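The structure appears right after this line, and notes come after that.
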Amino acid sequence: MSDQIARLSNELARDPSSLVFLALAEQLRQNLELEVARKVALRGLDRHPHLAAAHELLARIHADLGELDRAFEEWEMARQLGPARSGPRKGMGFVRFRQGRLDEAQRLLEDAVALDPSDESAARALAAVRNQRHQNGGGNGTGNGAGSAQGVEAGNGAGVTQPAPVLSVAESARQLFAPILGDGERTALLVDGTGLVVAGAYLTEDGHDVAAEIGAELSGVPEEAQRAVQHLGLGAWSCVVFETEVATVAMAPVHTRHLLLVAAQRSEPLGYLRRMLERCVDRADRWLAEDR
Amino acid sequence: MTNPATLPYDAVLLPLSRQRGVMGALVAGEADGLIIASQMQYGVEGDAISALAASLYRKARLSAAAAGLGSVQLLRLEAEGGHICAIGRDDLVVVVLADTRANIGLLRSTMMRVIPLLP
């Protein structure tokens, strides 16, 4: 347990009606202790049922757990409680994007950006949705056409959303590291031994995903790293970090045949980037193991 | 162990080689990996470090540029037995080999500080 979680837990124990449960659950969520985070959030909501921020937090936890319908419901509740908040619309847009309901995703994200034009992550998400719709244009119809068609395609029976399977798998891979990376200008990619992207995304400012190009270009670095440590008898390499003019990039091997790459703005502390790298490696490790 | 060729580069190499855990520091050509000046502990293979680190740095620089990430300034390779750090300017690269006792934060800031002093 991190010091911060211990401190927040103690604070909450001293005053159970305190709003510190928000910070504690968020910290637990970021540490991927999602079930514990959910319990803390639900307990907090018992005491503060009309707190929009608490519903938003619970929505994020549901989303991390892959419970998209529940996440949507909580964001919807947060939207009703705090109509001026942009976060709920952004979250609902995220769910619809994951479900392949791009028309709805775009509308919700447009609303989020209109409410808070300074929210760069909402603007980037909107650009990504528009780009995805553009790429789908003339394709199989997903995300193309009138909103009424979306409900039919995405399933409207018994309240169970049934996303288009191919998009769902691809999106779940793309979003694999999102809970760890948070809202900042950070990205993570999992690349296989041939330089092909397995999971993660790398979005440019205009919303284009350039993960494939980045993955292919950087996948040669580990070979050089391996050669260097082998010749110099330094044992196995655990990470390579390089600082460029615009970003800091850290990479680490996963399962010997894969490479994980995390990039963040230069202003991010190096130690924090390193910590994110470790957590993303852990996540990728478990994800690859599940995939077997 | 100091050699006469290091004299113009002392301002760059000495602050690095005197740090805890540092086994050697050198200046090499990025393209060919050949040593220009070095301050290595006895028994440490400067030529191999120079060639491999310069090659790694070059690969990272070219890859990052191709990926649109801008030019690489500082690179660090972490392994079970130690670290290789490299920082470049023009066609030169300053390389440090350190063991696991090294204070990487201090080493990094020293490398950033000395790189403008390259002749």
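Residue numbering restarts at 1 in every chain; chains get A, B, ... in the order shown in the structure tokens, and ligands count up from 1 in that same order.
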Kindly provide, as an MDAnalysis selection string, the residues of chain A having any atom no farther than 10 Å from an atom of chain B, counting only C-alpha atoms. chainID A and resid 210:229 231:252 263 270:271
Give me a file of those residues, with C-alpha atoms, as a tab-separated table (two decimals), in the first residue's frame.
```
chain	number	residue	atom	x	y	z
A	210	VAL	CA	0.20	7.15	-35.62
A	211	ALA	CA	0.91	4.18	-33.36
A	212	ALA	CA	1.90	1.93	-36.26
A	213	GLU	CA	4.54	4.38	-37.51
A	214	ILE	CA	5.94	5.07	-34.04
A	215	GLY	CA	5.99	1.38	-33.15
A	216	ALA	CA	7.74	0.42	-36.36
A	217	GLU	CA	10.36	3.16	-36.08
A	218	LEU	CA	11.23	2.56	-32.44
A	219	SER	CA	11.16	-1.22	-32.42
A	220	GLY	CA	14.78	-1.36	-33.58
A	221	VAL	CA	16.10	0.29	-30.43
A	222	PRO	CA	15.81	-2.83	-28.21
A	223	GLU	CA	18.03	-4.83	-30.57
A	224	GLU	CA	20.77	-2.29	-30.04
A	225	ALA	CA	20.14	-2.31	-26.30
A	226	GLN	CA	20.35	-6.08	-26.21
A	227	ARG	CA	23.59	-6.06	-28.17
A	228	ALA	CA	25.13	-3.51	-25.81
A	229	VAL	CA	24.26	-5.29	-22.55
A	231	HIS	CA	28.75	-7.43	-25.00
A	232	LEU	CA	29.32	-5.48	-21.82
A	233	GLY	CA	28.09	-8.22	-19.50
A	234	LEU	CA	25.48	-6.00	-17.86
A	235	GLY	CA	22.82	-8.71	-17.60
A	236	ALA	CA	19.31	-8.29	-18.96
A	237	TRP	CA	18.20	-4.78	-19.88
A	238	SER	CA	15.14	-3.50	-18.09
A	239	CYS	CA	14.47	-0.17	-19.75
A	240	VAL	CA	15.68	2.44	-22.20
A	241	VAL	CA	14.69	6.03	-21.63
A	242	PHE	CA	15.39	8.84	-24.04
A	243	GLU	CA	14.57	12.47	-23.81
A	244	THR	CA	13.81	14.28	-27.02
A	245	GLU	CA	12.96	17.90	-27.74
A	246	VAL	CA	9.25	17.26	-27.35
A	247	ALA	CA	8.82	14.11	-25.32
A	248	THR	CA	10.34	11.62	-22.97
A	249	VAL	CA	10.08	8.04	-24.16
A	250	ALA	CA	10.61	4.98	-22.00
A	251	MET	CA	10.58	1.42	-23.26
A	252	ALA	CA	10.83	-1.96	-21.60
A	263	ALA	CA	5.76	8.58	-23.98
A	270	LEU	CA	11.16	11.17	-15.11
A	271	GLY	CA	10.44	9.15	-12.00
```
So that I can see what lies close to Asn103 (chain B), please list as a PDB file with N, CA and C atoms, in the first residue's frame the residues with an atom at most 9 Å from it, counting only C-alpha atoms and leaving out residues fewer than 2 positions away in the same chain.
```
ATOM      1  N   GLN B  19      31.982  10.709 -10.198  1.00  0.00           N
ATOM      2  CA  GLN B  19      30.741  10.419  -9.458  1.00  0.00           C
ATOM      3  C   GLN B  19      30.700   8.968  -8.987  1.00  0.00           C
ATOM      4  N   ARG B  20      29.962   8.780  -7.916  1.00  0.00           N
ATOM      5  CA  ARG B  20      29.851   7.447  -7.328  1.00  0.00           C
ATOM      6  C   ARG B  20      29.262   6.463  -8.355  1.00  0.00           C
ATOM      7  N   GLY B  21      29.888   5.327  -8.449  1.00  0.00           N
ATOM      8  CA  GLY B  21      29.369   4.259  -9.306  1.00  0.00           C
ATOM      9  C   GLY B  21      29.775   4.366 -10.760  1.00  0.00           C
ATOM     10  N   THR B 100      25.322  -0.114 -10.501  1.00  0.00           N
ATOM     11  CA  THR B 100      23.994   0.118  -9.902  1.00  0.00           C
ATOM     12  C   THR B 100      24.035   1.062  -8.706  1.00  0.00           C
ATOM     13  N   ARG B 101      25.235   1.421  -8.233  1.00  0.00           N
ATOM     14  CA  ARG B 101      25.311   2.344  -7.095  1.00  0.00           C
ATOM     15  C   ARG B 101      25.150   3.801  -7.519  1.00  0.00           C
ATOM     16  N   GLY B 105      19.912  10.448 -11.089  1.00  0.00           N
ATOM     17  CA  GLY B 105      19.413  11.820 -11.177  1.00  0.00           C
ATOM     18  C   GLY B 105      20.557  12.821 -11.220  1.00  0.00           C
ATOM     19  N   LEU B 106      21.552  12.583 -10.375  1.00  0.00           N
ATOM     20  CA  LEU B 106      22.706  13.489 -10.325  1.00  0.00           C
ATOM     21  C   LEU B 106      23.544  13.355 -11.600  1.00  0.00           C
ATOM     22  N   LEU B 107      23.696  12.126 -12.039  1.00  0.00           N
ATOM     23  CA  LEU B 107      24.466  11.879 -13.253  1.00  0.00           C
ATOM     24  C   LEU B 107      23.812  12.580 -14.452  1.00  0.00           C
ATOM     25  N   ARG B 108      22.500  12.462 -14.516  1.00  0.00           N
ATOM     26  CA  ARG B 108      21.757  13.089 -15.615  1.00  0.00           C
ATOM     27  C   ARG B 108      21.948  14.601 -15.614  1.00  0.00           C
TER      28      ARG B 108
END
```
Option closest in space to Val94 (chain B), from B:Leu16, B:Val114, B:Leu34, B:Leu26 [counting only C-alpha atoms]: B:Leu26
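Excluding Phe94 (chain A) itself and any same-chain residue fewer than 4 positions from it, the protein and nucleic acid residues within 7 Å of it, counting only C-alpha atoms, are Lys90, Arg98 and Ala105 of chain A.
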Work out how far apart CA of Leu68 (chain A) and CA of Gly182 (chain A) are and give it in Å to one decimal. 17.4 Å
So that I can check the surroundings of region 48-54 of chain A, please list as an NGL selection string every protein, DNA and RNA residue that reaches within 7 Å of it, counting only C-alpha atoms and ignoring chain neighbours fewer than 5 positions away. :A and (22 or 41 or 78 or 81-82)
Using DSSP secondary structure from the backbone, list all alpha helix (DSSP H) positions within region 15-104 of chain B, as a list in words.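 So the alpha helix (DSSP H) residues in region 15-104 of chain B would be Pro15, Leu16, Ser17, Gly46, Asp47, Ala48, Ile49, Ser50, Ala51, Leu52, Ala53, Ala54, Ser55, Leu56, Tyr57, Arg58, Lys59, Ala60, Arg61, Leu62, Ser63, Ala64, Ala65, Ala66 and Ile104 of chain B.
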Pull C-alpha atoms from the residues just selected and write them as a compact mmCIF listing (two decimals), in the first residue's frame.
```txt
# COMPACT_ATOMS: atom_id res chain seq x y z
CA PRO B 15 32.77 15.81 -13.34
CA LEU B 16 31.27 12.60 -14.67
CA SER B 17 34.03 10.11 -13.92
CA GLY B 46 36.40 1.67 -23.47
CA ASP B 47 36.36 0.69 -27.14
CA ALA B 48 33.44 -1.69 -26.79
CA ILE B 49 31.43 0.76 -24.69
CA SER B 50 32.10 3.55 -27.11
CA ALA B 51 31.08 1.55 -30.18
CA LEU B 52 27.95 0.04 -28.62
CA ALA B 53 26.71 3.16 -26.86
CA ALA B 54 27.28 5.38 -29.89
CA SER B 55 25.41 2.88 -32.04
CA LEU B 56 22.51 2.72 -29.56
CA TYR B 57 22.37 6.50 -29.33
CA ARG B 58 22.43 6.85 -33.10
CA LYS B 59 19.66 4.29 -33.53
CA ALA B 60 17.50 6.03 -30.91
CA ARG B 61 18.15 9.43 -32.49
CA LEU B 62 17.23 8.29 -35.99
CA SER B 63 14.18 6.34 -34.79
CA ALA B 64 12.87 9.21 -32.69
CA ALA B 65 13.34 11.65 -35.56
CA ALA B 66 11.55 9.29 -37.96
CA ILE B 104 21.16 8.54 -11.89
```
